[in-house]
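Read the structure below first, then the notes.
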Amino acid sequence: MSMAVSSSAPTPEMYQLPTHRFKFQQRDSSGSRTPIVLVACGSFSPVTYLHLRMFEMAIDHIRQNTEFEVVGGYLSPVSDRYVKPGLLSSSHRVNMCTLATEETSSWLMVDPWEAFQSEYQRTAVVLDHFDYEINTLRGGVTTPEGERRNVRVMLLAGSDLIATMSEPGVWSADDLDHILGRYGTFIVERAGTDVSAATDALAPWRRNIFLVPQMIINDVSSTKIRLFLRRGLSVRYLIPSCVIDYIEQHGLYIDDANMTNTPSSSNSQSTMNDDPTRRDPVVEPTINGSERLTPNRNILFL
């Protein structure tokens, strides 16, 4: 199937949350399973099979080990205002994610809202956006008995995220409580990451942190893909074929010409990691009550 992609960003008036694969009718008739939607935030520059596999690992774990029912899954590419070396323009990243999900998955979707915002949006704000779109505007889901139920929005991320959340000063206390207290997260474990130590430091929210074992180790990353492409090496079977075709068609990742943030142009003092979500900077209130991003050495992932 060939999926049409857009060459321009939608205006706020044109925006609609993609719901063509969302399950508005809950299957569980016992009433014991809570409907949830999984949201992965990240750069996706470019999207890889690991990003897609994270959702599959999570849904297997959820089916076998929890009382949740997944009714939707979304990739939410970060805005161009997220300062990171190697970040391709949002339109290209949204297009590649859309191609990947439409041609390789039967249930994943791409929400372009965050990608096309004029300002960087914190993870807590992005999760609030999904909660508003799904529960406030659309009324959640319907049970087999015809009752309406709210859908719980949950963040899907790699285990590096938990390590940063347990690191003092990296995340604001309010955002941590909002993300882990109100929503919760599924963390796909990675080899070499001490998840237990990190979760101990996040004890107040432990009941909302669900660890997903990675039984087949996969260390593919967008950073490695970009390096391969720059060196003229094959990335086939590391990322979807439709994404490779798109990259070749548009001549992407060959040089810095298509990048919105390159090492030479970035003013960020942060170090970046390549992981399926991204770390937010500490946010401090200004005198008039608005938010100011505090320069932080750990901004984040993908």
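We label chains A, B, ... in the order they appear in the structure tokens, count residues from 1 in each chain, and number ligands from 1 in the order shown.
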
### Task
Write out as a VMD selection string which residues come within 9 Å of Cys97 in chain A when counting only C-alpha atoms, dropping same-chain ones fewer than 2 positions away.
chain A and resid 44 46 to 48 75 77 92 to 95 99 to 102 109 to 110 243

### Task
Mind listing the helix (DSSP H, G or I) residues of range 73-231 of chain A, per DSSP on the backbone, as number ranges by chain?
A: 90-104, 123-137, 159-165, 173-183, 195-201, 203-208, 222-230

### Message
Taking 3 positions as the minimum chain separation for residues in the same chain, which residues sit within 12 Å of Asn65 in chain A when counting only C-alpha atoms? Answer as a PyMOL selection string.
### Response
chain A and resi 33+57-62+68-69+210-213

Put those residues in a file: all heavy atoms, as a compact mmCIF listing (two decimals), in the first residue's frame.
# COMPACT_ATOMS: atom_id res chain seq x y z
N ARG A 33 -10.68 -4.40 32.54
CA ARG A 33 -9.50 -3.88 31.83
C ARG A 33 -9.65 -2.39 31.54
O ARG A 33 -10.65 -1.95 30.97
CB ARG A 33 -9.26 -4.66 30.53
CG ARG A 33 -8.81 -6.09 30.76
CD ARG A 33 -8.37 -6.76 29.48
NE ARG A 33 -7.82 -8.08 29.73
CZ ARG A 33 -6.54 -8.32 30.03
NH1 ARG A 33 -5.68 -7.31 30.09
NH2 ARG A 33 -6.12 -9.54 30.26
N MET A 57 6.51 -4.95 21.56
CA MET A 57 6.94 -5.54 22.84
C MET A 57 6.02 -5.11 23.97
O MET A 57 5.66 -5.91 24.84
CB MET A 57 8.39 -5.12 23.14
CG MET A 57 9.43 -5.81 22.28
SD MET A 57 11.13 -5.39 22.76
CE MET A 57 11.33 -3.81 21.93
N ALA A 58 5.63 -3.84 23.94
CA ALA A 58 4.76 -3.32 24.99
C ALA A 58 3.39 -3.97 24.96
O ALA A 58 2.86 -4.37 26.00
CB ALA A 58 4.64 -1.80 24.85
N ILE A 59 2.81 -4.11 23.77
CA ILE A 59 1.45 -4.66 23.70
C ILE A 59 1.44 -6.13 24.08
O ILE A 59 0.49 -6.63 24.70
CB ILE A 59 0.83 -4.42 22.30
CG1 ILE A 59 -0.69 -4.51 22.40
CG2 ILE A 59 1.39 -5.37 21.27
CD1 ILE A 59 -1.42 -4.04 21.14
N ASP A 60 2.51 -6.88 23.76
CA ASP A 60 2.61 -8.27 24.21
C ASP A 60 2.65 -8.34 25.73
O ASP A 60 1.97 -9.16 26.35
CB ASP A 60 3.86 -8.93 23.63
CG ASP A 60 3.68 -9.37 22.19
OD1 ASP A 60 2.52 -9.42 21.72
OD2 ASP A 60 4.69 -9.65 21.52
N HIS A 61 3.47 -7.47 26.32
CA HIS A 61 3.59 -7.45 27.77
C HIS A 61 2.27 -7.06 28.43
O HIS A 61 1.86 -7.64 29.44
CB HIS A 61 4.69 -6.46 28.18
CG HIS A 61 4.90 -6.37 29.66
ND1 HIS A 61 5.62 -7.32 30.37
CD2 HIS A 61 4.49 -5.45 30.57
CE1 HIS A 61 5.63 -6.98 31.65
NE2 HIS A 61 4.95 -5.86 31.79
N ILE A 62 1.59 -6.10 27.85
CA ILE A 62 0.32 -5.63 28.41
C ILE A 62 -0.73 -6.74 28.37
O ILE A 62 -1.45 -6.96 29.34
CB ILE A 62 -0.15 -4.38 27.64
CG1 ILE A 62 0.76 -3.19 27.95
CG2 ILE A 62 -1.61 -4.05 27.96
CD1 ILE A 62 0.61 -2.02 27.01
N PHE A 68 -4.76 -3.96 31.45
CA PHE A 68 -5.01 -2.89 30.49
C PHE A 68 -5.46 -3.47 29.16
O PHE A 68 -5.17 -4.62 28.83
CB PHE A 68 -3.75 -2.05 30.26
CG PHE A 68 -3.26 -1.31 31.48
CD1 PHE A 68 -1.95 -1.43 31.90
CD2 PHE A 68 -4.11 -0.48 32.20
CE1 PHE A 68 -1.49 -0.74 33.02
CE2 PHE A 68 -3.66 0.21 33.32
CZ PHE A 68 -2.34 0.07 33.73
N GLU A 69 -6.13 -2.64 28.39
CA GLU A 69 -6.48 -2.97 27.01
C GLU A 69 -6.02 -1.81 26.12
O GLU A 69 -6.47 -0.67 26.30
CB GLU A 69 -7.97 -3.19 26.84
CG GLU A 69 -8.38 -3.51 25.41
CD GLU A 69 -9.87 -3.66 25.21
OE1 GLU A 69 -10.57 -4.00 26.20
OE2 GLU A 69 -10.35 -3.44 24.08
N PHE A 210 5.85 0.59 34.44
CA PHE A 210 5.77 -0.80 34.02
C PHE A 210 6.97 -1.14 33.13
O PHE A 210 7.20 -0.46 32.12
CB PHE A 210 4.47 -1.05 33.27
CG PHE A 210 3.24 -0.76 34.08
CD1 PHE A 210 2.72 0.53 34.15
CD2 PHE A 210 2.60 -1.76 34.80
CE1 PHE A 210 1.58 0.81 34.90
CE2 PHE A 210 1.47 -1.50 35.55
CZ PHE A 210 0.96 -0.22 35.61
N LEU A 211 7.73 -2.13 33.54
CA LEU A 211 8.94 -2.51 32.82
C LEU A 211 8.65 -3.62 31.81
O LEU A 211 8.03 -4.63 32.13
CB LEU A 211 10.02 -2.97 33.80
CG LEU A 211 10.41 -1.95 34.88
CD1 LEU A 211 11.49 -2.52 35.78
CD2 LEU A 211 10.87 -0.63 34.24
N VAL A 212 9.10 -3.41 30.59
CA VAL A 212 8.88 -4.36 29.50
C VAL A 212 10.22 -4.98 29.12
O VAL A 212 11.12 -4.27 28.66
CB VAL A 212 8.28 -3.66 28.26
CG1 VAL A 212 8.07 -4.66 27.13
CG2 VAL A 212 6.98 -2.96 28.62
N PRO A 213 10.41 -6.29 29.33
CA PRO A 213 11.69 -6.92 28.99
C PRO A 213 11.91 -6.98 27.49
O PRO A 213 10.96 -7.20 26.72
CB PRO A 213 11.56 -8.32 29.59
CG PRO A 213 10.09 -8.58 29.63
CD PRO A 213 9.45 -7.26 29.90

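Between CA of Glu248 in chain A and CA of His51 in chain A lies a distance of 20.6 Å.
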
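Those residues that approach range 215-218 of chain A to within 10 Å, counting only C-alpha atoms, are A:Tyr49, A:Leu50, A:Arg53, A:Met57, A:Glu189, A:Arg190, A:Ala191; same-chain residues fewer than 6 positions away are not listed.
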
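Considering only C-alpha atoms, the residue among A:Gly146, A:Gly251, A:Pro168, A:Pro240 positioned nearest to Ser29 in chain A is A:Gly146.
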
### Task
as a count of residues only, please: all residues of range 31-246 of chain A that backbone DSSP puts in strand (DSSP E).
43

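Between Met165 in chain A and the residues A:Phe228, A:Ile187, A:Leu202, A:Arg182, the shortest atom-to-atom distance, using only C-alpha atoms, involves A:Leu202.
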
### Query
Hey, what's within 12 Å of Tyr183 in chain A if we count only C-alpha atoms and toss same-chain stuff fewer than 3 positions away? As a ChimeraX atom specification, please?
/A:36-39,123-128,130-131,151-156,175-180,186,205,207-210

### Message
Could you check the closest approach to Met96 in chain A for each of A:Ser45, A:Ser79, A:Ser172, A:Arg148 and tell me which residue wins, using only C-alpha atoms?
### Response
A:Ser45
